[in-house]
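**Q** So that you have it, the file is coords-v1.cif, and it contains mmCIF, C-alpha atoms:
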data_target
loop_
_atom_site.group_PDB
_atom_site.id
_atom_site.type_symbol
_atom_site.label_atom_id
_atom_site.label_comp_id
_atom_site.auth_asym_id
_atom_site.auth_seq_id
_atom_site.Cartn_x
_atom_site.Cartn_y
_atom_site.Cartn_z
ATOM 1 C CA MET S 1378 0.000 0.000 0.000
ATOM 2 C CA ASN S 1379 1.230 3.491 -0.868
ATOM 3 C CA LEU S 1380 0.907 5.359 2.408
ATOM 4 C CA ASN S 1381 1.022 8.730 0.679
ATOM 5 C CA HIS S 1382 -2.342 7.953 -0.879
ATOM 6 C CA THR S 1383 -3.917 7.403 2.544
ATOM 7 C CA LEU S 1384 -3.001 10.884 3.763
ATOM 8 C CA PRO S 1385 -4.986 14.042 2.943
ATOM 9 C CA ARG S 1386 -3.486 16.978 1.062
ATOM 10 C CA SER S 1387 -1.180 19.074 3.179
ATOM 11 C CA THR S 1388 -2.431 22.375 4.571
ATOM 12 C CA LEU S 1389 -0.528 25.632 4.174
ATOM 13 C CA LEU S 1390 -1.395 28.706 6.245
ATOM 14 C CA LEU S 1391 -0.609 32.059 4.618
ATOM 15 C CA VAL S 1392 -0.341 35.093 6.930
ATOM 16 C CA GLU S 1393 -0.090 38.410 5.115
ATOM 17 C CA SER S 1394 -1.697 41.801 5.812
ATOM 18 C CA ASN S 1395 -1.385 43.036 2.228
ATOM 19 C CA LYS S 1396 -4.419 41.640 0.401
ATOM 20 C CA THR S 1397 -2.772 41.824 -3.043
ATOM 21 C CA THR S 1398 0.231 39.848 -1.825
ATOM 22 C CA LEU S 1399 -2.019 37.410 0.011
ATOM 23 C CA ASP S 1400 -4.095 36.747 -3.110
ATOM 24 C CA SER S 1401 -0.928 36.259 -5.147
ATOM 25 C CA LEU S 1402 0.446 33.719 -2.668
ATOM 26 C CA ARG S 1403 -2.879 31.881 -2.509
ATOM 27 C CA ALA S 1404 -2.995 31.584 -6.306
ATOM 28 C CA MET S 1405 0.562 30.271 -6.253
ATOM 29 C CA PHE S 1406 -0.134 27.385 -3.861
ATOM 30 C CA GLU S 1407 -3.843 26.480 -3.964
ATOM 31 C CA GLN S 1408 -3.477 23.951 -6.790
ATOM 32 C CA LYS S 1409 -1.091 21.821 -4.752
ATOM 33 C CA TYR S 1410 -2.106 22.374 -1.132
ATOM 34 C CA ILE S 1411 -5.148 23.154 0.984
ATOM 35 C CA VAL S 1412 -4.605 26.855 1.635
ATOM 36 C CA GLU S 1413 -5.854 28.721 4.702
ATOM 37 C CA VAL S 1414 -5.354 32.482 4.897
ATOM 38 C CA ALA S 1415 -5.058 35.010 7.701
ATOM 39 C CA GLU S 1416 -4.797 38.768 7.258
ATOM 40 C CA ASP S 1417 -3.140 39.299 10.652
ATOM 41 C CA GLY S 1418 -1.271 37.362 13.303
ATOM 42 C CA GLN S 1419 -4.199 37.096 15.737
ATOM 43 C CA GLN S 1420 -6.403 35.505 13.081
ATOM 44 C CA ALA S 1421 -3.522 33.132 12.329
ATOM 45 C CA VAL S 1422 -3.331 32.050 15.983
ATOM 46 C CA ASN S 1423 -7.029 31.133 15.989
ATOM 47 C CA ILE S 1424 -6.651 29.109 12.792
ATOM 48 C CA ILE S 1425 -3.573 27.288 14.072
ATOM 49 C CA TYR S 1426 -5.380 26.181 17.237
ATOM 50 C CA ASP S 1427 -8.544 25.098 15.424
ATOM 51 C CA LEU S 1428 -7.151 23.385 12.291
ATOM 52 C CA ASP S 1429 -4.404 20.920 11.433
ATOM 53 C CA ILE S 1430 -1.808 23.175 9.822
ATOM 54 C CA ASP S 1431 1.246 21.565 8.222
ATOM 55 C CA LEU S 1432 3.308 24.650 7.323
ATOM 56 C CA ILE S 1433 3.027 28.391 7.974
ATOM 57 C CA LEU S 1434 4.201 31.047 5.526
ATOM 58 C CA CYS S 1435 4.054 34.362 7.397
ATOM 59 C CA ALA S 1436 5.100 37.930 6.705
ATOM 60 C CA VAL S 1437 7.542 39.307 9.260
ATOM 61 C CA ASP S 1438 5.502 42.527 9.378
ATOM 62 C CA ALA S 1439 2.102 40.828 9.850
ATOM 63 C CA ALA S 1440 -0.421 43.047 11.642
ATOM 64 C CA THR S 1441 -1.604 42.654 15.270
ATOM 65 C CA ILE S 1442 0.927 39.889 15.985
ATOM 66 C CA SER S 1443 4.136 40.065 13.970
ATOM 67 C CA GLY S 1444 5.684 37.103 12.214
ATOM 68 C CA GLN S 1445 8.390 36.852 14.850
ATOM 69 C CA GLU S 1446 5.848 37.025 17.688
ATOM 70 C CA LEU S 1447 3.726 34.369 15.986
ATOM 71 C CA CYS S 1448 6.779 32.148 15.644
ATOM 72 C CA VAL S 1449 7.512 32.441 19.372
ATOM 73 C CA LEU S 1450 3.881 31.632 20.262
ATOM 74 C CA VAL S 1451 3.784 28.580 18.002
ATOM 75 C CA LYS S 1452 7.143 27.216 19.086
ATOM 76 C CA SER S 1453 6.424 27.671 22.810
ATOM 77 C CA ASN S 1454 3.164 25.668 22.729
ATOM 78 C CA PRO S 1455 3.559 21.858 22.919
ATOM 79 C CA LEU S 1456 0.441 21.430 20.738
ATOM 80 C CA THR S 1457 1.811 23.566 17.885
ATOM 81 C CA GLN S 1458 5.583 23.547 18.207
ATOM 82 C CA HIS S 1459 5.895 20.877 15.501
ATOM 83 C CA ILE S 1460 4.565 23.253 12.809
ATOM 84 C CA PRO S 1461 7.396 24.700 10.682
ATOM 85 C CA ILE S 1462 7.288 28.434 9.970
ATOM 86 C CA ILE S 1463 8.776 30.270 7.002
ATOM 87 C CA LEU S 1464 9.032 34.043 7.457
ATOM 88 C CA LEU S 1465 8.725 36.419 4.495
ATOM 89 C CA THR S 1466 10.254 39.880 4.362
ATOM 90 C CA GLN S 1467 10.404 42.719 1.848
ATOM 91 C CA SER S 1468 13.653 44.113 3.219
ATOM 92 C CA SER S 1469 15.909 41.392 4.553
ATOM 93 C CA THR S 1470 18.873 42.041 6.812
ATOM 94 C CA ILE S 1471 21.425 39.636 8.198
ATOM 95 C CA GLU S 1472 20.486 40.658 11.731
ATOM 96 C CA GLU S 1473 16.777 40.008 11.177
ATOM 97 C CA GLU S 1474 17.446 36.704 9.437
ATOM 98 C CA GLN S 1475 19.580 35.503 12.347
ATOM 99 C CA ALA S 1476 16.932 36.609 14.849
ATOM 100 C CA CYS S 1477 14.173 34.765 12.935
ATOM 101 C CA LEU S 1478 16.151 31.554 12.678
ATOM 102 C CA GLU S 1479 17.118 31.703 16.360
ATOM 103 C CA ILE S 1480 13.481 31.827 17.489
ATOM 104 C CA GLY S 1481 12.621 28.747 15.430
ATOM 105 C CA ALA S 1482 11.766 29.806 11.871
ATOM 106 C CA ILE S 1483 12.728 27.078 9.418
ATOM 107 C CA ASP S 1484 13.467 29.570 6.617
ATOM 108 C CA TYR S 1485 13.614 33.284 5.873
ATOM 109 C CA ILE S 1486 12.767 34.458 2.346
ATOM 110 C CA ASN S 1487 12.981 37.855 0.673
ATOM 111 C CA THR S 1488 9.795 38.431 -1.340
ATOM 112 C CA HIS S 1489 11.767 40.166 -4.079
ATOM 113 C CA VAL S 1490 13.167 36.852 -5.309
ATOM 114 C CA PRO S 1491 11.350 35.300 -8.319
ATOM 115 C CA PRO S 1492 8.028 33.635 -7.372
ATOM 116 C CA GLN S 1493 9.280 30.231 -8.528
ATOM 117 C CA ILE S 1494 12.033 30.440 -5.899
ATOM 118 C CA ILE S 1495 9.472 31.039 -3.140
ATOM 119 C CA TYR S 1496 7.349 28.190 -4.500
ATOM 120 C CA SER S 1497 10.288 25.768 -4.664
ATOM 121 C CA ARG S 1498 11.503 26.562 -1.172
ATOM 122 C CA VAL S 1499 8.021 26.128 0.305
ATOM 123 C CA GLN S 1500 7.586 22.888 -1.654
ATOM 124 C CA ASN S 1501 10.901 21.497 -0.386
ATOM 125 C CA HIS S 1502 9.961 22.195 3.220
ATOM 126 C CA MET S 1503 6.491 20.712 2.695
ATOM 127 C CA ARG S 1504 8.035 17.533 1.277
ATOM 128 C CA LEU S 1505 9.907 17.079 4.546
ATOM 129 C CA VAL S 1506 6.658 17.631 6.459
ATOM 130 C CA GLU S 1507 4.866 15.051 4.298
ATOM 131 C CA GLN S 1508 7.639 12.494 4.785
ATOM 132 C CA GLN S 1509 7.349 13.014 8.531
ATOM 133 C CA LYS S 1510 3.564 12.582 8.306
ATOM 134 C CA VAL S 1511 4.039 9.215 6.598
ATOM 135 C CA LEU S 1512 6.365 8.088 9.400
ATOM 136 C CA GLU S 1513 3.884 9.330 12.005
ATOM 137 C CA TYR S 1514 1.050 7.553 10.197
ATOM 138 C CA VAL S 1515 2.937 4.273 10.468
ATOM 139 C CA SER S 1516 3.847 4.804 14.128
ATOM 140 C CA CYS S 1517 0.339 5.975 15.090
ATOM 141 C CA THR S 1518 -1.636 3.294 13.240
ATOM 142 C CA ASP S 1519 -2.746 -0.055 14.617
ATOM 143 C CA GLY S 1520 -1.095 -2.594 12.345
ATOM 144 C CA LEU S 1521 -3.985 -5.075 12.404
ATOM 145 C CA THR S 1522 -7.078 -2.912 11.950
ATOM 146 C CA GLY S 1523 -5.687 0.157 10.185
ATOM 147 C CA LEU S 1524 -7.324 2.451 12.747
ATOM 148 C CA SER S 1525 -5.299 4.878 14.832
ATOM 149 C CA ASN S 1526 -3.634 3.446 17.934
ATOM 150 C CA ARG S 1527 -3.845 4.452 21.595
ATOM 151 C CA MET S 1528 -0.942 6.897 21.359
ATOM 152 C CA GLN S 1529 -2.612 8.816 18.547
ATOM 153 C CA LEU S 1530 -5.926 8.741 20.412
ATOM 154 C CA ASP S 1531 -4.346 10.413 23.435
ATOM 155 C CA THR S 1532 -2.755 13.095 21.241
ATOM 156 C CA THR S 1533 -5.945 13.786 19.293
ATOM 157 C CA LEU S 1534 -8.198 13.860 22.354
ATOM 158 C CA ASN S 1535 -5.870 16.310 24.078
ATOM 159 C CA ARG S 1536 -5.908 18.606 21.030
ATOM 160 C CA LEU S 1537 -9.685 18.457 20.631
ATOM 161 C CA TRP S 1538 -10.175 18.977 24.362
ATOM 162 C CA HIS S 1539 -8.317 22.287 24.324
ATOM 163 C CA ALA S 1540 -10.117 23.340 21.131
ATOM 164 C CA ALA S 1541 -13.442 22.593 22.852
ATOM 165 C CA ILE S 1542 -12.470 24.747 25.841
ATOM 166 C CA ARG S 1543 -11.724 27.662 23.510
ATOM 167 C CA GLY S 1544 -14.828 27.109 21.402
ATOM 168 C CA GLY S 1545 -17.219 26.209 24.209
ATOM 169 C CA HIS S 1546 -18.506 23.100 22.447
ATOM 170 C CA SER S 1547 -19.071 19.498 23.510
ATOM 171 C CA ILE S 1548 -17.068 16.351 22.733
ATOM 172 C CA GLY S 1549 -18.747 12.955 22.479
ATOM 173 C CA LEU S 1550 -16.928 9.677 22.946
ATOM 174 C CA LEU S 1551 -17.891 6.035 22.409
ATOM 175 C CA ILE S 1552 -16.014 3.086 23.887
ATOM 176 C CA ILE S 1553 -16.875 -0.078 21.972
ATOM 177 C CA ASP S 1554 -16.213 -3.620 23.196
ATOM 178 C CA ILE S 1555 -16.776 -6.783 21.144
ATOM 179 C CA ASP S 1556 -19.082 -9.025 23.157
ATOM 180 C CA HIS S 1557 -17.754 -12.460 24.226
ATOM 181 C CA PHE S 1558 -14.583 -11.984 22.180
ATOM 182 C CA LYS S 1559 -12.504 -14.342 24.323
ATOM 183 C CA ASP S 1560 -15.048 -17.087 23.664
ATOM 184 C CA TYR S 1561 -14.892 -16.258 19.949
ATOM 185 C CA ASN S 1562 -11.111 -16.678 19.967
ATOM 186 C CA ASP S 1563 -11.348 -19.921 21.928
ATOM 187 C CA GLN S 1564 -13.836 -21.450 19.476
ATOM 188 C CA PHE S 1565 -12.606 -20.148 16.116
ATOM 189 C CA GLY S 1566 -8.910 -19.456 16.779
ATOM 190 C CA HIS S 1567 -6.818 -16.314 16.748
ATOM 191 C CA ILE S 1568 -6.652 -15.994 12.963
ATOM 192 C CA GLU S 1569 -10.431 -15.777 12.755
ATOM 193 C CA GLY S 1570 -10.339 -13.556 15.830
ATOM 194 C CA ASP S 1571 -8.102 -11.108 13.960
ATOM 195 C CA GLU S 1572 -10.518 -11.155 11.015
ATOM 196 C CA CYS S 1573 -13.360 -10.364 13.395
ATOM 197 C CA LEU S 1574 -11.426 -7.417 14.810
ATOM 198 C CA LYS S 1575 -10.750 -6.068 11.312
ATOM 199 C CA LYS S 1576 -14.396 -6.356 10.256
ATOM 200 C CA VAL S 1577 -15.644 -4.587 13.370
ATOM 201 C CA ALA S 1578 -12.972 -1.893 12.915
ATOM 202 C CA THR S 1579 -14.222 -1.344 9.357
ATOM 203 C CA ALA S 1580 -17.795 -0.995 10.637
ATOM 204 C CA ILE S 1581 -16.621 1.571 13.183
ATOM 205 C CA ALA S 1582 -14.739 3.551 10.519
ATOM 206 C CA GLN S 1583 -17.795 3.492 8.249
ATOM 207 C CA THR S 1584 -19.951 4.845 11.073
ATOM 208 C CA LYS S 1585 -18.023 8.111 11.010
ATOM 209 C CA SER S 1586 -20.125 10.706 9.210
ATOM 210 C CA ARG S 1587 -17.624 13.588 9.288
ATOM 211 C CA GLU S 1588 -13.968 13.986 8.484
ATOM 212 C CA GLU S 1589 -13.199 15.237 11.998
ATOM 213 C CA ASP S 1590 -14.645 12.113 13.672
ATOM 214 C CA PHE S 1591 -11.799 9.929 14.935
ATOM 215 C CA ALA S 1592 -11.674 6.150 15.349
ATOM 216 C CA ALA S 1593 -8.962 4.238 17.217
ATOM 217 C CA ARG S 1594 -8.216 0.820 18.625
ATOM 218 C CA PHE S 1595 -8.142 1.280 22.379
ATOM 219 C CA GLY S 1596 -6.592 -2.095 23.116
ATOM 220 C CA GLY S 1597 -7.500 -5.766 22.696
ATOM 221 C CA GLU S 1598 -11.096 -5.932 21.493
ATOM 222 C CA GLU S 1599 -11.925 -2.363 22.567
ATOM 223 C CA PHE S 1600 -12.244 0.629 20.265
ATOM 224 C CA VAL S 1601 -12.960 4.341 20.649
ATOM 225 C CA LEU S 1602 -14.926 6.682 18.408
ATOM 226 C CA LEU S 1603 -14.247 10.334 19.211
ATOM 227 C CA LEU S 1604 -16.889 12.851 18.105
ATOM 228 C CA PRO S 1605 -15.974 16.552 18.327
ATOM 229 C CA TYR S 1606 -18.773 19.144 18.322
ATOM 230 C CA THR S 1607 -21.176 16.433 19.529
ATOM 231 C CA ASN S 1608 -23.437 16.422 22.572
ATOM 232 C CA LEU S 1609 -24.775 13.352 24.382
ATOM 233 C CA SER S 1610 -27.858 13.093 22.176
ATOM 234 C CA GLY S 1611 -25.744 13.180 19.031
ATOM 235 C CA ALA S 1612 -23.301 10.625 20.425
ATOM 236 C CA LYS S 1613 -26.210 8.256 21.210
ATOM 237 C CA ARG S 1614 -27.431 8.499 17.610
ATOM 238 C CA VAL S 1615 -23.986 7.530 16.350
ATOM 239 C CA ALA S 1616 -23.840 4.645 18.836
ATOM 240 C CA LYS S 1617 -27.181 3.296 17.616
ATOM 241 C CA GLN S 1618 -25.961 3.407 14.025
ATOM 242 C CA LEU S 1619 -22.783 1.612 15.060
ATOM 243 C CA LEU S 1620 -24.711 -1.172 16.785
ATOM 244 C CA ASN S 1621 -26.705 -1.711 13.591
ATOM 245 C CA ASN S 1622 -23.615 -1.618 11.387
ATOM 246 C CA VAL S 1623 -21.975 -4.370 13.439
ATOM 247 C CA ARG S 1624 -25.142 -6.481 13.406
ATOM 248 C CA LYS S 1625 -25.242 -6.205 9.613
ATOM 249 C CA LEU S 1626 -21.821 -7.881 9.439
ATOM 250 C CA LYS S 1627 -23.514 -11.121 10.545
ATOM 251 C CA ILE S 1628 -20.292 -12.592 11.889
ATOM 252 C CA PRO S 1629 -21.174 -16.005 13.437
ATOM 253 C CA ALA S 1630 -20.923 -15.770 17.223
ATOM 254 C CA ALA S 1631 -19.376 -18.281 19.584
ATOM 255 C CA LYS S 1632 -21.809 -20.896 20.899
ATOM 256 C CA SER S 1633 -21.301 -19.723 24.472
ATOM 257 C CA ALA S 1634 -22.456 -16.211 23.528
ATOM 258 C CA ASN S 1635 -26.087 -17.347 23.227
ATOM 259 C CA ALA S 1636 -26.429 -15.129 20.166
ATOM 260 C CA GLU S 1637 -26.493 -15.802 16.451
ATOM 261 C CA HIS S 1638 -24.038 -13.106 15.444
ATOM 262 C CA VAL S 1639 -21.192 -11.112 16.976
ATOM 263 C CA THR S 1640 -22.355 -7.915 18.667
ATOM 264 C CA VAL S 1641 -20.772 -5.007 20.506
ATOM 265 C CA SER S 1642 -21.517 -3.057 23.664
ATOM 266 C CA VAL S 1643 -21.064 0.709 23.676
ATOM 267 C CA GLY S 1644 -20.427 3.158 26.492
ATOM 268 C CA VAL S 1645 -21.404 6.711 25.536
ATOM 269 C CA ALA S 1646 -20.347 9.972 27.178
ATOM 270 C CA ALA S 1647 -20.140 13.665 26.301
ATOM 271 C CA ILE S 1648 -18.545 16.615 28.053
ATOM 272 C CA THR S 1649 -18.335 20.349 27.386
ATOM 273 C CA PRO S 1650 -14.933 21.058 28.947
ATOM 274 C CA LYS S 1651 -14.328 24.409 30.614
ATOM 275 C CA PHE S 1652 -11.219 26.026 31.964
ATOM 276 C CA ASP S 1653 -11.420 26.339 35.740
ATOM 277 C CA PRO S 1654 -8.165 27.022 37.648
ATOM 278 C CA LEU S 1655 -9.820 25.790 40.851
ATOM 279 C CA GLN S 1656 -10.894 22.444 39.395
ATOM 280 C CA THR S 1657 -8.745 20.482 37.005
ATOM 281 C CA ILE S 1658 -10.812 18.319 34.639
ATOM 282 C CA SER S 1659 -8.732 16.403 32.117
ATOM 283 C CA PRO S 1660 -9.633 14.469 28.957
ATOM 284 C CA ILE S 1661 -9.328 11.229 30.924
ATOM 285 C CA GLU S 1662 -12.617 12.143 32.621
ATOM 286 C CA LEU S 1663 -14.424 11.688 29.301
ATOM 287 C CA ILE S 1664 -12.851 8.265 28.781
ATOM 288 C CA ASN S 1665 -13.611 7.220 32.355
ATOM 289 C CA GLN S 1666 -17.279 8.177 32.038
ATOM 290 C CA ALA S 1667 -17.671 6.273 28.772
ATOM 291 C CA ASP S 1668 -15.897 3.278 30.308
ATOM 292 C CA LYS S 1669 -18.301 3.246 33.263
ATOM 293 C CA ASN S 1670 -21.228 3.303 30.859
ATOM 294 C CA LEU S 1671 -19.689 0.476 28.842
ATOM 295 C CA PHE S 1672 -19.614 -1.619 32.010
ATOM 296 C CA LYS S 1673 -23.304 -0.832 32.558
ATOM 297 C CA ALA S 1674 -24.129 -1.865 28.985
ATOM 298 C CA LYS S 1675 -22.375 -5.191 29.396
ATOM 299 C CA ARG S 1676 -24.081 -5.870 32.721
ATOM 300 C CA ALA S 1677 -27.452 -5.027 31.174
ATOM 301 C CA GLY S 1678 -27.085 -7.817 28.607
ATOM 302 C CA ARG S 1679 -24.658 -6.566 25.919
ATOM 303 C CA ASP S 1680 -25.505 -5.626 22.307
ATOM 304 C CA ARG S 1681 -26.635 -2.195 23.489
ATOM 305 C CA LEU S 1682 -25.494 1.294 24.380
ATOM 306 C CA CYS S 1683 -25.572 2.889 27.773
#
Turn this file's structure into structure tokens for me.
**A**
Amino acid sequence: MNLNHTLPRSTLLLVESNKTTLDSLRAMFEQKYIVEVAEDGQQAVNIIYDLDIDLILCAVDAATISGQELCVLVKSNPLTQHIPIILLTQSSTIEEEQACLEIGAIDYINTHVPPQIIYSRVQNHMRLVEQQKVLEYVSCTDGLTGLSNRMQLDTTLNRLWHAAIRGGHSIGLLIIDIDHFKDYNDQFGHIEGDECLKKVATAIAQTKSREEDFAARFGGEEFVLLLPYTNLSGAKRVAKQLLNNVRKLKIPAAKSANAEHVTVSVGVAAITPKFDPLQTISPIELINQADKNLFKAKRAGRDRLC
């Protein structure tokens, strides 16, 4: 499998206060990359925290927050420090170039060079980003099911949690457990058990209705479906669809399961996280609540949500 084909187009953020220059840069790159634009540094900060940005091309003299100030903000935040920044200037000096590189800029380009030079330098840096994304995809993907693994789940949940605090919206989460999976393995063997895991993982992935929904293997026969911008009612609707999607697989169940086909149990939870310096609530609270509800679903007879 060509891993590059499994990854979405890279996203370039352009930060430029001059609208003519901004439009020119957008036209230069929009055929190859997803292009987001910001007319000042403060707008850029909001975009960086809300979207997955792969590379930033920012004018040194950007309004509100300068290019250098933006670079310091990005590089000092653990959630954004991985994003490379190229700074653009109309009047380069050796002193300014050294200062930009020292604070973390990956490149410093004078806008008076031919446009193809700017394009090539951005493209070369983006190639490095894309190669890194392929390596991260391999390291963050469960080798059996193709879903994300626990490490990537923790990273994504943490990012979405902080975005939800800023945006004041809810996050829904489903923990899914394959019912009587140990009995299934005992009766049919581990090879068939792996096939069962892959089929259920496919059903979970197909239940996602939006690009931002996130599916991961939690461990063993447990999976997680993370639903940003989703309240409890919305998360329950997704869980019901998931239960039906797994039933439609019609995977023969183990005899001891007292069921015709393999089913799953789902624990559902949703939280609207808020920043409160007097009370620390972390993303693990959302997982813990869903896990408690999963236990209730299994005790209530399985093949259901709670």
**Q** To one decimal place in Å, what is the distance between atom CA of Pro1461 of chain S and atom CA of Ala1593 of chain S?
**A** 27.0 Å
**Q** If you count only C-alpha atoms, which residues fall within 6 Å of segment 1631-1645 of chain S, apart from same-chain ones fewer than 2 positions away, as a list in words?
**A**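 Result of the neighbour search: Leu1550, Leu1551, Ile1552, Ile1553, Asp1554, Ile1555, Asp1556, Tyr1561, Lys1627, Ile1628, Pro1629, Ala1667, Asp1668, Asn1670, Leu1671, Arg1679, Asp1680, Arg1681, Leu1682 and Cys1683 of chain S.
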**Q** So what does the PyMOL selection byres ((chain S and resi 1594) around 7) actually pick up in this one, as a ChimeraX atom specification?
**A** /S:1519,1524-1527,1593,1595-1596,1599-1601
**Q** How would the residues just chosen look if you wrote them out with C-alpha atoms as an mmCIF file, in the frame of the given file?
**A**
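In the end it all went to result.cif:
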data_model
loop_
_atom_site.group_PDB
_atom_site.id
_atom_site.type_symbol
_atom_site.label_atom_id
_atom_site.label_comp_id
_atom_site.auth_asym_id
_atom_site.auth_seq_id
_atom_site.Cartn_x
_atom_site.Cartn_y
_atom_site.Cartn_z
ATOM 1 C CA ASP S 1519 -2.746 -0.055 14.617
ATOM 2 C CA LEU S 1524 -7.324 2.451 12.747
ATOM 3 C CA SER S 1525 -5.299 4.878 14.832
ATOM 4 C CA ASN S 1526 -3.634 3.446 17.934
ATOM 5 C CA ARG S 1527 -3.845 4.452 21.595
ATOM 6 C CA ALA S 1593 -8.962 4.238 17.217
ATOM 7 C CA PHE S 1595 -8.142 1.280 22.379
ATOM 8 C CA GLY S 1596 -6.592 -2.095 23.116
ATOM 9 C CA GLU S 1599 -11.925 -2.363 22.567
ATOM 10 C CA PHE S 1600 -12.244 0.629 20.265
ATOM 11 C CA VAL S 1601 -12.960 4.341 20.649
#
**Q** One decimal, Å: what's the distance from atom CA of Ile1411 of chain S over to atom CA of Leu1604 of chain S, could you say?
**A**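 About the pair atom CA of Ile1411 of chain S and atom CA of Leu1604 of chain S: they are 23.2 Å apart.
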**Q** Quick one: apply the PyMOL selection byres ((chain S and resi 1649) around 8) to the file and drop the selected residues here as a list in words.
**A**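 Given this file, the PyMOL selection byres ((chain S and resi 1649) around 8) evaluates to Ala1541, Ile1542, Gly1545, His1546, Ser1547, Ile1548, Ala1647, Ile1648, Pro1650 and Lys1651 of chain S.
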**Q** To one decimal in Å, tell me the separation between atom CA of Pro1491 of chain S and atom CA of Glu1446 of chain S.
**A**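 Here the two named atoms are 26.6 Å from each other.
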